[in-house]
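What follows is final.pdb (PDB, C-alpha atoms and all ligand atoms).
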```pdb
MODEL        1
ATOM      1  CA  MET A  23       0.000   0.000   0.000  1.00  0.00           C
ATOM      2  CA  LYS A  24       0.986   3.600  -0.570  1.00  0.00           C
ATOM      3  CA  LEU A  25      -0.255   5.867   2.184  1.00  0.00           C
ATOM      4  CA  ILE A  26       0.321   9.263   3.661  1.00  0.00           C
ATOM      5  CA  LEU A  27      -0.121   9.447   7.416  1.00  0.00           C
ATOM      6  CA  LEU A  28      -1.231  12.886   8.502  1.00  0.00           C
ATOM      7  CA  GLY A  29      -1.606  13.972  12.088  1.00  0.00           C
ATOM      8  CA  ALA A  30      -0.218  16.316  14.698  1.00  0.00           C
ATOM      9  CA  PRO A  31       3.072  15.539  16.438  1.00  0.00           C
ATOM     10  CA  GLY A  32       2.236  12.797  18.931  1.00  0.00           C
ATOM     11  CA  ALA A  33      -0.852  11.589  17.038  1.00  0.00           C
ATOM     12  CA  GLY A  34       0.839   8.212  16.590  1.00  0.00           C
ATOM     13  CA  LYS A  35       1.870   8.334  12.920  1.00  0.00           C
ATOM     14  CA  GLY A  36       5.123   6.506  13.599  1.00  0.00           C
ATOM     15  CA  THR A  37       3.500   3.790  15.690  1.00  0.00           C
ATOM     16  CA  VAL A  38       0.773   3.199  13.112  1.00  0.00           C
ATOM     17  CA  ALA A  39       3.359   3.136  10.299  1.00  0.00           C
ATOM     18  CA  LYS A  40       5.447   0.520  12.119  1.00  0.00           C
ATOM     19  CA  LEU A  41       2.384  -1.708  12.613  1.00  0.00           C
ATOM     20  CA  LEU A  42       1.389  -1.342   8.941  1.00  0.00           C
ATOM     21  CA  THR A  43       4.858  -2.305   7.639  1.00  0.00           C
ATOM     22  CA  LYS A  44       4.398  -5.672   9.328  1.00  0.00           C
ATOM     23  CA  MET A  45       1.196  -6.300   7.368  1.00  0.00           C
ATOM     24  CA  ASP A  46       2.387  -6.132   3.765  1.00  0.00           C
ATOM     25  CA  GLY A  47       6.059  -5.292   3.497  1.00  0.00           C
ATOM     26  CA  SER A  48       5.612  -1.591   2.771  1.00  0.00           C
ATOM     27  CA  VAL A  49       8.418   0.586   4.103  1.00  0.00           C
ATOM     28  CA  GLN A  50       7.994   3.410   6.582  1.00  0.00           C
ATOM     29  CA  ILE A  51       9.558   6.629   5.356  1.00  0.00           C
ATOM     30  CA  SER A  52       9.828   9.215   8.108  1.00  0.00           C
ATOM     31  CA  THR A  53      11.364  12.544   7.116  1.00  0.00           C
ATOM     32  CA  GLY A  54      11.869  13.231  10.837  1.00  0.00           C
ATOM     33  CA  ASP A  55      13.952  10.026  11.211  1.00  0.00           C
ATOM     34  CA  ILE A  56      15.959  10.812   8.059  1.00  0.00           C
ATOM     35  CA  LEU A  57      16.686  14.324   9.335  1.00  0.00           C
ATOM     36  CA  ARG A  58      17.577  13.192  12.874  1.00  0.00           C
ATOM     37  CA  ALA A  59      20.002  10.618  11.419  1.00  0.00           C
ATOM     38  CA  ALA A  60      21.586  13.356   9.278  1.00  0.00           C
ATOM     39  CA  VAL A  61      21.970  15.622  12.317  1.00  0.00           C
ATOM     40  CA  ALA A  62      23.498  12.791  14.354  1.00  0.00           C
ATOM     41  CA  ALA A  63      25.934  11.976  11.537  1.00  0.00           C
ATOM     42  CA  GLY A  64      26.826  15.662  11.093  1.00  0.00           C
ATOM     43  CA  THR A  65      26.223  15.646   7.320  1.00  0.00           C
ATOM     44  CA  GLU A  66      25.631  18.799   5.228  1.00  0.00           C
ATOM     45  CA  LEU A  67      21.911  18.038   5.309  1.00  0.00           C
ATOM     46  CA  GLY A  68      22.034  17.674   9.081  1.00  0.00           C
ATOM     47  CA  LYS A  69      23.795  21.016   9.483  1.00  0.00           C
ATOM     48  CA  LYS A  70      21.153  22.745   7.374  1.00  0.00           C
ATOM     49  CA  ALA A  71      18.245  21.162   9.266  1.00  0.00           C
ATOM     50  CA  GLU A  72      19.459  21.241  12.859  1.00  0.00           C
ATOM     51  CA  ALA A  73      18.458  24.716  14.064  1.00  0.00           C
ATOM     52  CA  ALA A  74      14.930  24.577  12.640  1.00  0.00           C
ATOM     53  CA  MET A  75      14.357  21.133  14.126  1.00  0.00           C
ATOM     54  CA  LYS A  76      15.559  22.073  17.565  1.00  0.00           C
ATOM     55  CA  ALA A  77      13.138  25.013  17.665  1.00  0.00           C
ATOM     56  CA  GLY A  78      10.272  22.875  16.405  1.00  0.00           C
ATOM     57  CA  ASP A  79      10.095  24.828  13.128  1.00  0.00           C
ATOM     58  CA  LEU A  80       9.866  23.223   9.704  1.00  0.00           C
ATOM     59  CA  VAL A  81      12.873  22.514   7.520  1.00  0.00           C
ATOM     60  CA  SER A  82      12.639  24.189   4.079  1.00  0.00           C
ATOM     61  CA  ASP A  83      10.426  22.630   1.394  1.00  0.00           C
ATOM     62  CA  ASP A  84      13.387  22.520  -1.040  1.00  0.00           C
ATOM     63  CA  LEU A  85      15.519  20.490   1.327  1.00  0.00           C
ATOM     64  CA  ILE A  86      12.663  18.069   2.038  1.00  0.00           C
ATOM     65  CA  MET A  87      11.766  17.617  -1.650  1.00  0.00           C
ATOM     66  CA  GLY A  88      15.432  16.943  -2.412  1.00  0.00           C
ATOM     67  CA  ILE A  89      15.436  14.128   0.154  1.00  0.00           C
ATOM     68  CA  MET A  90      12.089  12.646  -0.886  1.00  0.00           C
ATOM     69  CA  GLY A  91      12.735  12.879  -4.623  1.00  0.00           C
ATOM     70  CA  GLU A  92      15.648  10.502  -4.077  1.00  0.00           C
ATOM     71  CA  ARG A  93      14.071   8.353  -1.407  1.00  0.00           C
ATOM     72  CA  LEU A  94      10.914   7.444  -3.322  1.00  0.00           C
ATOM     73  CA  LYS A  95      13.017   6.143  -6.215  1.00  0.00           C
ATOM     74  CA  GLU A  96      14.826   3.571  -4.088  1.00  0.00           C
ATOM     75  CA  ASP A  97      14.164  -0.133  -4.678  1.00  0.00           C
ATOM     76  CA  ASP A  98      12.473  -0.862  -1.362  1.00  0.00           C
ATOM     77  CA  CYS A  99       9.596   1.460  -2.339  1.00  0.00           C
ATOM     78  CA  LYS A 100       8.389  -1.070  -4.900  1.00  0.00           C
ATOM     79  CA  ASN A 101       6.275  -2.915  -2.305  1.00  0.00           C
ATOM     80  CA  GLY A 102       4.642   0.282  -1.109  1.00  0.00           C
ATOM     81  CA  TYR A 103       5.416   2.962   1.442  1.00  0.00           C
ATOM     82  CA  LEU A 104       3.955   4.770   4.415  1.00  0.00           C
ATOM     83  CA  LEU A 105       4.861   8.424   4.441  1.00  0.00           C
ATOM     84  CA  ASP A 106       5.215   9.557   8.044  1.00  0.00           C
ATOM     85  CA  GLY A 107       5.691  13.295   8.564  1.00  0.00           C
ATOM     86  CA  PHE A 108       5.659  14.143   4.865  1.00  0.00           C
ATOM     87  CA  PRO A 109       4.177  16.118   3.174  1.00  0.00           C
ATOM     88  CA  ARG A 110       3.821  18.809   5.810  1.00  0.00           C
ATOM     89  CA  THR A 111       3.009  21.916   3.783  1.00  0.00           C
ATOM     90  CA  ILE A 112       0.788  22.631   0.773  1.00  0.00           C
ATOM     91  CA  PRO A 113       3.855  23.252  -1.459  1.00  0.00           C
ATOM     92  CA  GLN A 114       5.248  19.827  -0.434  1.00  0.00           C
ATOM     93  CA  ALA A 115       1.891  18.211  -1.235  1.00  0.00           C
ATOM     94  CA  GLU A 116       1.822  19.889  -4.667  1.00  0.00           C
ATOM     95  CA  ALA A 117       5.415  18.855  -5.356  1.00  0.00           C
ATOM     96  CA  LEU A 118       4.675  15.274  -4.266  1.00  0.00           C
ATOM     97  CA  LYS A 119       1.698  15.136  -6.587  1.00  0.00           C
ATOM     98  CA  GLU A 120       3.920  16.099  -9.537  1.00  0.00           C
ATOM     99  CA  LEU A 121       6.680  13.740  -8.479  1.00  0.00           C
ATOM    100  CA  LEU A 122       4.306  10.756  -8.250  1.00  0.00           C
ATOM    101  CA  ALA A 123       2.670  11.637 -11.569  1.00  0.00           C
ATOM    102  CA  SER A 124       6.108  11.732 -13.212  1.00  0.00           C
ATOM    103  CA  MET A 125       6.842   8.287 -11.759  1.00  0.00           C
ATOM    104  CA  GLY A 126       3.445   6.922 -12.848  1.00  0.00           C
ATOM    105  CA  GLU A 127       2.423   6.195  -9.258  1.00  0.00           C
ATOM    106  CA  LYS A 128      -0.714   6.755  -7.265  1.00  0.00           C
ATOM    107  CA  LEU A 129      -1.395   6.838  -3.526  1.00  0.00           C
ATOM    108  CA  ASP A 130      -4.085   4.583  -2.061  1.00  0.00           C
ATOM    109  CA  MET A 131      -5.186   7.096   0.536  1.00  0.00           C
ATOM    110  CA  VAL A 132      -4.287   9.761   3.029  1.00  0.00           C
ATOM    111  CA  VAL A 133      -5.060   8.894   6.625  1.00  0.00           C
ATOM    112  CA  ASN A 134      -5.647  11.800   8.950  1.00  0.00           C
ATOM    113  CA  ILE A 135      -5.158  10.665  12.542  1.00  0.00           C
ATOM    114  CA  ASP A 136      -7.156  13.005  14.706  1.00  0.00           C
ATOM    115  CA  VAL A 137      -6.319  13.012  18.424  1.00  0.00           C
ATOM    116  CA  PRO A 138      -7.490  15.521  21.072  1.00  0.00           C
ATOM    117  CA  ARG A 139      -4.905  18.163  21.992  1.00  0.00           C
ATOM    118  CA  ASP A 140      -4.739  17.254  25.698  1.00  0.00           C
ATOM    119  CA  VAL A 141      -3.947  13.622  24.833  1.00  0.00           C
ATOM    120  CA  ILE A 142      -1.231  14.821  22.446  1.00  0.00           C
ATOM    121  CA  LEU A 143       0.392  17.119  24.992  1.00  0.00           C
ATOM    122  CA  ASP A 144       0.466  14.395  27.606  1.00  0.00           C
ATOM    123  CA  ARG A 145       1.953  11.903  25.145  1.00  0.00           C
ATOM    124  CA  LEU A 146       4.678  14.181  23.858  1.00  0.00           C
ATOM    125  CA  THR A 147       5.990  15.176  27.262  1.00  0.00           C
ATOM    126  CA  THR A 148       6.181  11.517  28.350  1.00  0.00           C
ATOM    127  CA  ARG A 149       7.546  10.155  25.036  1.00  0.00           C
ATOM    128  CA  ARG A 150      11.068   8.759  24.821  1.00  0.00           C
ATOM    129  CA  THR A 151      12.913   7.693  21.659  1.00  0.00           C
ATOM    130  CA  CYS A 152      15.785   5.277  20.984  1.00  0.00           C
ATOM    131  CA  THR A 153      18.696   7.211  19.469  1.00  0.00           C
ATOM    132  CA  ASP A 154      19.835   4.098  17.554  1.00  0.00           C
ATOM    133  CA  CYS A 155      16.762   2.382  16.090  1.00  0.00           C
ATOM    134  CA  GLY A 156      14.010   4.990  16.548  1.00  0.00           C
ATOM    135  CA  ALA A 157      11.826   2.758  18.758  1.00  0.00           C
ATOM    136  CA  ILE A 158       9.322   4.821  20.706  1.00  0.00           C
ATOM    137  CA  TYR A 159       8.576   4.409  24.409  1.00  0.00           C
ATOM    138  CA  ASN A 160       6.485   6.220  26.976  1.00  0.00           C
ATOM    139  CA  VAL A 161       7.527   6.680  30.589  1.00  0.00           C
ATOM    140  CA  LYS A 162       3.947   6.097  31.740  1.00  0.00           C
ATOM    141  CA  SER A 163       2.309   3.658  29.334  1.00  0.00           C
ATOM    142  CA  ASN A 164       5.221   1.836  27.679  1.00  0.00           C
ATOM    143  CA  PRO A 165       8.479   2.155  29.626  1.00  0.00           C
ATOM    144  CA  THR A 166      11.713   0.366  28.697  1.00  0.00           C
ATOM    145  CA  LYS A 167      12.527  -2.711  30.792  1.00  0.00           C
ATOM    146  CA  VAL A 168      15.806  -1.153  31.860  1.00  0.00           C
ATOM    147  CA  GLU A 169      15.629   2.603  32.370  1.00  0.00           C
ATOM    148  CA  GLY A 170      17.151   4.554  29.474  1.00  0.00           C
ATOM    149  CA  LYS A 171      17.999   1.434  27.464  1.00  0.00           C
ATOM    150  CA  CYS A 172      16.167   0.242  24.326  1.00  0.00           C
ATOM    151  CA  ASP A 173      14.472  -3.173  24.672  1.00  0.00           C
ATOM    152  CA  ALA A 174      14.996  -3.858  20.976  1.00  0.00           C
ATOM    153  CA  CYS A 175      18.607  -2.805  20.368  1.00  0.00           C
ATOM    154  CA  GLY A 176      20.118  -1.698  23.668  1.00  0.00           C
ATOM    155  CA  GLY A 177      20.577   1.886  22.402  1.00  0.00           C
ATOM    156  CA  ALA A 178      20.147   4.977  24.555  1.00  0.00           C
ATOM    157  CA  VAL A 179      16.510   5.977  25.030  1.00  0.00           C
ATOM    158  CA  VAL A 180      16.127   9.708  25.576  1.00  0.00           C
ATOM    159  CA  GLN A 181      13.754  12.644  25.361  1.00  0.00           C
ATOM    160  CA  ARG A 182      14.157  14.362  21.984  1.00  0.00           C
ATOM    161  CA  ASP A 183      15.637  17.881  21.824  1.00  0.00           C
ATOM    162  CA  ASP A 184      12.395  19.150  20.363  1.00  0.00           C
ATOM    163  CA  GLU A 185      10.319  17.639  23.164  1.00  0.00           C
ATOM    164  CA  THR A 186      10.801  20.412  25.653  1.00  0.00           C
ATOM    165  CA  GLU A 187       7.528  22.134  26.560  1.00  0.00           C
ATOM    166  CA  GLU A 188       8.379  25.232  24.532  1.00  0.00           C
ATOM    167  CA  ALA A 189       9.336  23.342  21.373  1.00  0.00           C
ATOM    168  CA  ILE A 190       6.276  21.087  21.679  1.00  0.00           C
ATOM    169  CA  SER A 191       3.935  24.026  21.885  1.00  0.00           C
ATOM    170  CA  ASN A 192       5.640  25.587  18.840  1.00  0.00           C
ATOM    171  CA  ARG A 193       5.393  22.309  16.884  1.00  0.00           C
ATOM    172  CA  LEU A 194       1.650  22.136  17.554  1.00  0.00           C
ATOM    173  CA  ASP A 195       1.198  25.763  16.404  1.00  0.00           C
ATOM    174  CA  VAL A 196       3.262  25.081  13.274  1.00  0.00           C
ATOM    175  CA  TYR A 197       1.169  21.974  12.640  1.00  0.00           C
ATOM    176  CA  ASN A 198      -2.108  23.866  12.884  1.00  0.00           C
ATOM    177  CA  GLU A 199      -0.883  26.637  10.625  1.00  0.00           C
ATOM    178  CA  LYS A 200       1.089  24.752   7.951  1.00  0.00           C
ATOM    179  CA  THR A 201       0.054  21.088   7.981  1.00  0.00           C
ATOM    180  CA  ALA A 202      -3.588  20.938   9.089  1.00  0.00           C
ATOM    181  CA  PRO A 203      -4.680  22.538   5.747  1.00  0.00           C
ATOM    182  CA  LEU A 204      -3.476  19.355   3.988  1.00  0.00           C
ATOM    183  CA  ALA A 205      -6.639  17.593   5.195  1.00  0.00           C
ATOM    184  CA  GLY A 206      -8.698  19.949   3.011  1.00  0.00           C
ATOM    185  CA  PHE A 207      -6.258  19.506   0.123  1.00  0.00           C
ATOM    186  CA  TYR A 208      -6.606  15.705   0.128  1.00  0.00           C
ATOM    187  CA  GLU A 209     -10.328  15.855   0.834  1.00  0.00           C
ATOM    188  CA  LYS A 210     -10.692  17.688  -2.478  1.00  0.00           C
ATOM    189  CA  GLU A 211      -8.566  15.012  -4.144  1.00  0.00           C
ATOM    190  CA  GLY A 212     -11.021  12.436  -2.784  1.00  0.00           C
ATOM    191  CA  MET A 213      -8.274  10.598  -0.900  1.00  0.00           C
ATOM    192  CA  LEU A 214      -8.864  11.480   2.735  1.00  0.00           C
ATOM    193  CA  LEU A 215      -9.777   9.102   5.537  1.00  0.00           C
ATOM    194  CA  THR A 216     -10.094  10.823   8.911  1.00  0.00           C
ATOM    195  CA  VAL A 217      -9.888   8.561  11.947  1.00  0.00           C
ATOM    196  CA  THR A 218     -10.651   9.936  15.381  1.00  0.00           C
ATOM    197  CA  ALA A 219      -8.944   7.511  17.693  1.00  0.00           C
ATOM    198  CA  THR A 220      -6.768   7.271  20.736  1.00  0.00           C
ATOM    199  CA  SER A 221      -5.477   3.765  20.041  1.00  0.00           C
ATOM    200  CA  SER A 222      -3.251   2.754  17.139  1.00  0.00           C
ATOM    201  CA  ASP A 223      -5.152  -0.543  16.744  1.00  0.00           C
ATOM    202  CA  ALA A 224      -8.369   1.365  16.065  1.00  0.00           C
ATOM    203  CA  VAL A 225      -6.553   3.387  13.397  1.00  0.00           C
ATOM    204  CA  ILE A 226      -5.213   0.207  11.763  1.00  0.00           C
ATOM    205  CA  ASP A 227      -8.700  -1.352  11.744  1.00  0.00           C
ATOM    206  CA  ALA A 228     -10.183   1.715  10.053  1.00  0.00           C
ATOM    207  CA  ILE A 229      -7.434   1.671   7.385  1.00  0.00           C
ATOM    208  CA  LYS A 230      -7.945  -2.060   6.716  1.00  0.00           C
ATOM    209  CA  ALA A 231     -11.712  -1.612   6.397  1.00  0.00           C
ATOM    210  CA  LYS A 232     -11.254   1.214   3.920  1.00  0.00           C
ATOM    211  CA  LEU A 233      -8.651  -0.695   1.846  1.00  0.00           C
ATOM    212  CA  ASP A 234     -10.927  -3.771   1.771  1.00  0.00           C
ATOM    213  CA  ALA A 235     -13.889  -1.670   0.683  1.00  0.00           C
ATOM    214  CA  ALA A 236     -11.810  -0.214  -2.166  1.00  0.00           C
ATOM    215  CA  ALA A 237     -10.459  -3.610  -3.294  1.00  0.00           C
TER
HETATM  216  P1  LIG A 301       6.688  14.936  14.883  1.00  0.00           P
HETATM  217  O1  LIG A 301       5.695  14.446  13.869  1.00  0.00           O
HETATM  218  O2  LIG A 301       6.695  14.129  16.126  1.00  0.00           O
HETATM  219  O3  LIG A 301       6.619  16.406  15.116  1.00  0.00           O
HETATM  220  P2  LIG A 301       8.942  14.377  13.095  1.00  0.00           P
HETATM  221  O4  LIG A 301       9.861  13.355  13.585  1.00  0.00           O
HETATM  222  O5  LIG A 301       8.023  14.039  11.972  1.00  0.00           O
HETATM  223  O6  LIG A 301       8.148  14.843  14.379  1.00  0.00           O
HETATM  224  O7  LIG A 301       9.748  15.687  12.672  1.00  0.00           O
HETATM  225  C1  LIG A 301      10.679  16.310  13.529  1.00  0.00           C
HETATM  226  C2  LIG A 301      11.130  17.639  12.931  1.00  0.00           C
HETATM  227  O8  LIG A 301      11.762  17.399  11.669  1.00  0.00           O
HETATM  228  C3  LIG A 301      10.019  18.612  12.617  1.00  0.00           C
HETATM  229  O9  LIG A 301       9.658  19.378  13.743  1.00  0.00           O
HETATM  230  C4  LIG A 301      10.663  19.457  11.520  1.00  0.00           C
HETATM  231  O10 LIG A 301      11.596  20.375  12.045  1.00  0.00           O
HETATM  232  C5  LIG A 301      11.438  18.429  10.731  1.00  0.00           C
HETATM  233  N1  LIG A 301      10.632  17.823   9.630  1.00  0.00           N
HETATM  234  C6  LIG A 301      10.256  16.515   9.515  1.00  0.00           C
HETATM  235  N2  LIG A 301       9.547  16.304   8.395  1.00  0.00           N
HETATM  236  C7  LIG A 301       9.445  17.502   7.774  1.00  0.00           C
HETATM  237  C8  LIG A 301       8.824  17.960   6.580  1.00  0.00           C
HETATM  238  N3  LIG A 301       8.138  17.109   5.769  1.00  0.00           N
HETATM  239  N4  LIG A 301       8.924  19.278   6.255  1.00  0.00           N
HETATM  240  C9  LIG A 301       9.608  20.130   7.037  1.00  0.00           C
HETATM  241  N5  LIG A 301      10.218  19.776   8.184  1.00  0.00           N
HETATM  242  C10 LIG A 301      10.153  18.479   8.563  1.00  0.00           C
HETATM  243 ZN    ZN A 302      16.683   0.860  19.794  1.00  0.00          ZN
ENDMDL
END
```
Final structure tokens representation of the file:
Amino acid sequence: MKLILLGAPGAGKGTVAKLLTKMDGSVQISTGDILRAAVAAGTELGKKAEAAMKAGDLVSDDLIMGIMGERLKEDDCKNGYLLDGFPRTIPQAEALKELLASMGEKLDMVVNIDVPRDVILDRLTTRRTCTDCGAIYNVKSNPTKVEGKCDACGGAVVQRDDETEEAISNRLDVYNEKTAPLAGFYEKEGMLLTVTATSSDAVIDAIKAKLDAAA
């Protein structure tokens, strides 16, 4: 399947994407993960992205389209992909539309994961991320077995730089201003599925039902 996962920071896009990859061999493509890896490795890309990310602002559309133009042409995309955190602005959505048309590809749907703001705030402040494999934990609902150490790979599990209260509040404002309008964009394209849910299993069920109905 080829899906876009839309939703505010903390809506559970990453978790849903990871569950979906297990169903049919699609790959998860997270621009946030790609950028964090570039920052950690100190590449040119990382240097350009770092300041914006730390403040919870968006990285420029040009930089993102450069990354995604390459990424979507890689071999592992043949079995489908789940776009997590991309597109995030109307210009990115327009550019993606052109890119896919030029590649002769079509998305199955755009899933908008709608979660109440208070749930999101609580999740983001308690979220912890593995610096090596990207696994996501939660100090309240899903802690690591050993504090600060990833169950899956043993890597360091930490709070992200952009998960301070100030950066979180900025990310939510940026989301409402720049990314939320994408729901209307894809609604017009006839591709939008909005799921109001607080559990990732409920989101998966809604996606499956919709894919089955379309098949
Ligand atoms: P979340 O969805 O939890 O906010 P991500 O991991 O998707 O976080 O992204 C982290 C940061 O990376 C964003 O705050 C932003 O600075 C940058 N980023 C990721 N994807 C994009 C994108 N498509 N366009 C612009 N900036 C992006
Ligand atoms: Zn790990």
*Residue nearest Gln114 of chain A among A:Asn134, A:Asn164, A:Thr216, A:Thr201 (counting all atoms listed in the file)*: A:Thr201
Within 10 Å of ligand LIG 301 (chain A): each chain A residue with its shortest pair, only C-alpha atoms and all ligand atoms, as JSON lines:
```
{"residue": "A:Leu28", "atom": "CA", "partner": "A:LIG301", "partner_atom": "O1", "distance": 8.9}
{"residue": "A:Gly29", "atom": "CA", "partner": "A:LIG301", "partner_atom": "O1", "distance": 7.5}
{"residue": "A:Ala30", "atom": "CA", "partner": "A:LIG301", "partner_atom": "O1", "distance": 6.3}
{"residue": "A:Pro31", "atom": "CA", "partner": "A:LIG301", "partner_atom": "O1", "distance": 3.8}
{"residue": "A:Gly32", "atom": "CA", "partner": "A:LIG301", "partner_atom": "O2", "distance": 5.4}
{"residue": "A:Ala33", "atom": "CA", "partner": "A:LIG301", "partner_atom": "O1", "distance": 7.8}
{"residue": "A:Gly34", "atom": "CA", "partner": "A:LIG301", "partner_atom": "O2", "distance": 8.3}
{"residue": "A:Lys35", "atom": "CA", "partner": "A:LIG301", "partner_atom": "O1", "distance": 7.3}
{"residue": "A:Gly36", "atom": "CA", "partner": "A:LIG301", "partner_atom": "O1", "distance": 8.0}
{"residue": "A:Ser52", "atom": "CA", "partner": "A:LIG301", "partner_atom": "O5", "distance": 6.4}
{"residue": "A:Thr53", "atom": "CA", "partner": "A:LIG301", "partner_atom": "N2", "distance": 4.4}
{"residue": "A:Gly54", "atom": "CA", "partner": "A:LIG301", "partner_atom": "O4", "distance": 3.4}
{"residue": "A:Asp55", "atom": "CA", "partner": "A:LIG301", "partner_atom": "O4", "distance": 5.8}
{"residue": "A:Ile56", "atom": "CA", "partner": "A:LIG301", "partner_atom": "C6", "distance": 8.2}
{"residue": "A:Leu57", "atom": "CA", "partner": "A:LIG301", "partner_atom": "O8", "distance": 6.3}
{"residue": "A:Arg58", "atom": "CA", "partner": "A:LIG301", "partner_atom": "O8", "distance": 7.3}
{"residue": "A:Ala71", "atom": "CA", "partner": "A:LIG301", "partner_atom": "O10", "distance": 7.2}
{"residue": "A:Glu72", "atom": "CA", "partner": "A:LIG301", "partner_atom": "O10", "distance": 8.0}
{"residue": "A:Ala73", "atom": "CA", "partner": "A:LIG301", "partner_atom": "O10", "distance": 8.4}
{"residue": "A:Ala74", "atom": "CA", "partner": "A:LIG301", "partner_atom": "O10", "distance": 5.4}
{"residue": "A:Met75", "atom": "CA", "partner": "A:LIG301", "partner_atom": "O10", "distance": 3.5}
{"residue": "A:Lys76", "atom": "CA", "partner": "A:LIG301", "partner_atom": "O10", "distance": 7.0}
{"residue": "A:Ala77", "atom": "CA", "partner": "A:LIG301", "partner_atom": "O10", "distance": 7.4}
{"residue": "A:Gly78", "atom": "CA", "partner": "A:LIG301", "partner_atom": "O9", "distance": 4.4}
{"residue": "A:Asp79", "atom": "CA", "partner": "A:LIG301", "partner_atom": "O10", "distance": 4.8}
{"residue": "A:Leu80", "atom": "CA", "partner": "A:LIG301", "partner_atom": "N5", "distance": 3.8}
{"residue": "A:Val81", "atom": "CA", "partner": "A:LIG301", "partner_atom": "N5", "distance": 3.9}
{"residue": "A:Ser82", "atom": "CA", "partner": "A:LIG301", "partner_atom": "C9", "distance": 5.9}
{"residue": "A:Asp83", "atom": "CA", "partner": "A:LIG301", "partner_atom": "N4", "distance": 6.1}
{"residue": "A:Asp84", "atom": "CA", "partner": "A:LIG301", "partner_atom": "N4", "distance": 9.1}
{"residue": "A:Leu85", "atom": "CA", "partner": "A:LIG301", "partner_atom": "C9", "distance": 8.2}
{"residue": "A:Ile86", "atom": "CA", "partner": "A:LIG301", "partner_atom": "N4", "distance": 5.8}
{"residue": "A:Met87", "atom": "CA", "partner": "A:LIG301", "partner_atom": "N3", "distance": 8.3}
{"residue": "A:Ile89", "atom": "CA", "partner": "A:LIG301", "partner_atom": "N3", "distance": 9.7}
{"residue": "A:Met90", "atom": "CA", "partner": "A:LIG301", "partner_atom": "N3", "distance": 8.9}
{"residue": "A:Leu105", "atom": "CA", "partner": "A:LIG301", "partner_atom": "N3", "distance": 9.4}
{"residue": "A:Asp106", "atom": "CA", "partner": "A:LIG301", "partner_atom": "O5", "distance": 6.6}
{"residue": "A:Gly107", "atom": "CA", "partner": "A:LIG301", "partner_atom": "O5", "distance": 4.2}
{"residue": "A:Phe108", "atom": "CA", "partner": "A:LIG301", "partner_atom": "N3", "distance": 4.0}
{"residue": "A:Pro109", "atom": "CA", "partner": "A:LIG301", "partner_atom": "N3", "distance": 4.8}
{"residue": "A:Arg110", "atom": "CA", "partner": "A:LIG301", "partner_atom": "N3", "distance": 4.6}
{"residue": "A:Thr111", "atom": "CA", "partner": "A:LIG301", "partner_atom": "N4", "distance": 6.9}
{"residue": "A:Gln114", "atom": "CA", "partner": "A:LIG301", "partner_atom": "N3", "distance": 7.4}
{"residue": "A:Ala115", "atom": "CA", "partner": "A:LIG301", "partner_atom": "N3", "distance": 9.4}
{"residue": "A:Leu146", "atom": "CA", "partner": "A:LIG301", "partner_atom": "O2", "distance": 8.0}
{"residue": "A:Arg149", "atom": "CA", "partner": "A:LIG301", "partner_atom": "O2", "distance": 9.8}
{"residue": "A:Gly156", "atom": "CA", "partner": "A:LIG301", "partner_atom": "O4", "distance": 9.8}
{"residue": "A:Arg182", "atom": "CA", "partner": "A:LIG301", "partner_atom": "C1", "distance": 9.3}
{"residue": "A:Asp183", "atom": "CA", "partner": "A:LIG301", "partner_atom": "C1", "distance": 9.8}
{"residue": "A:Asp184", "atom": "CA", "partner": "A:LIG301", "partner_atom": "O9", "distance": 7.2}
{"residue": "A:Glu185", "atom": "CA", "partner": "A:LIG301", "partner_atom": "O2", "distance": 8.7}
{"residue": "A:Ala189", "atom": "CA", "partner": "A:LIG301", "partner_atom": "O9", "distance": 8.6}
{"residue": "A:Ile190", "atom": "CA", "partner": "A:LIG301", "partner_atom": "O3", "distance": 8.1}
{"residue": "A:Asn192", "atom": "CA", "partner": "A:LIG301", "partner_atom": "O9", "distance": 9.0}
{"residue": "A:Arg193", "atom": "CA", "partner": "A:LIG301", "partner_atom": "O9", "distance": 6.1}
{"residue": "A:Leu194", "atom": "CA", "partner": "A:LIG301", "partner_atom": "O3", "distance": 8.0}
{"residue": "A:Val196", "atom": "CA", "partner": "A:LIG301", "partner_atom": "O9", "distance": 8.6}
{"residue": "A:Tyr197", "atom": "CA", "partner": "A:LIG301", "partner_atom": "O3", "distance": 8.2}
{"residue": "A:Lys200", "atom": "CA", "partner": "A:LIG301", "partner_atom": "N4", "distance": 9.7}
{"residue": "A:Thr201", "atom": "CA", "partner": "A:LIG301", "partner_atom": "N4", "distance": 9.2}
```
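Contacts with ligand ZN 302 (chain A) are defined as any residue atom within 7 Å of a ligand atom, using all atoms listed in the file; the residues meeting this criterion are Cys152, Thr153, Asp154, Cys155, Gly156, Ala157, Cys172, Asp173, Ala174, Cys175, Gly176 and Gly177 of chain A.
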*Report the distance between atom CA of Leu118 of chain A and atom CA of Gly91 of chain A in Å, rounded to one decimal place.*
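Spanning atom CA of Leu118 of chain A to atom CA of Gly91 of chain A is a straight-line distance of 8.4 Å.
Atom CA of Val225 of chain A lies 15.5 Å from atom CA of Ile142 of chain A.
Each of A:Val133, A:Val180, A:Arg139, A:Ala123 was compared to Ala228 of chain A using only C-alpha atoms, and A:Val133 turns out to be the nearest.
Residue neighbourhood of Asp46 of chain A, excluding near-sequence residues (fewer than 3 positions): Met23, Leu42, Thr43, Asn101 and Gly102 of chain A, at 9 Å, using all atoms listed in the file.
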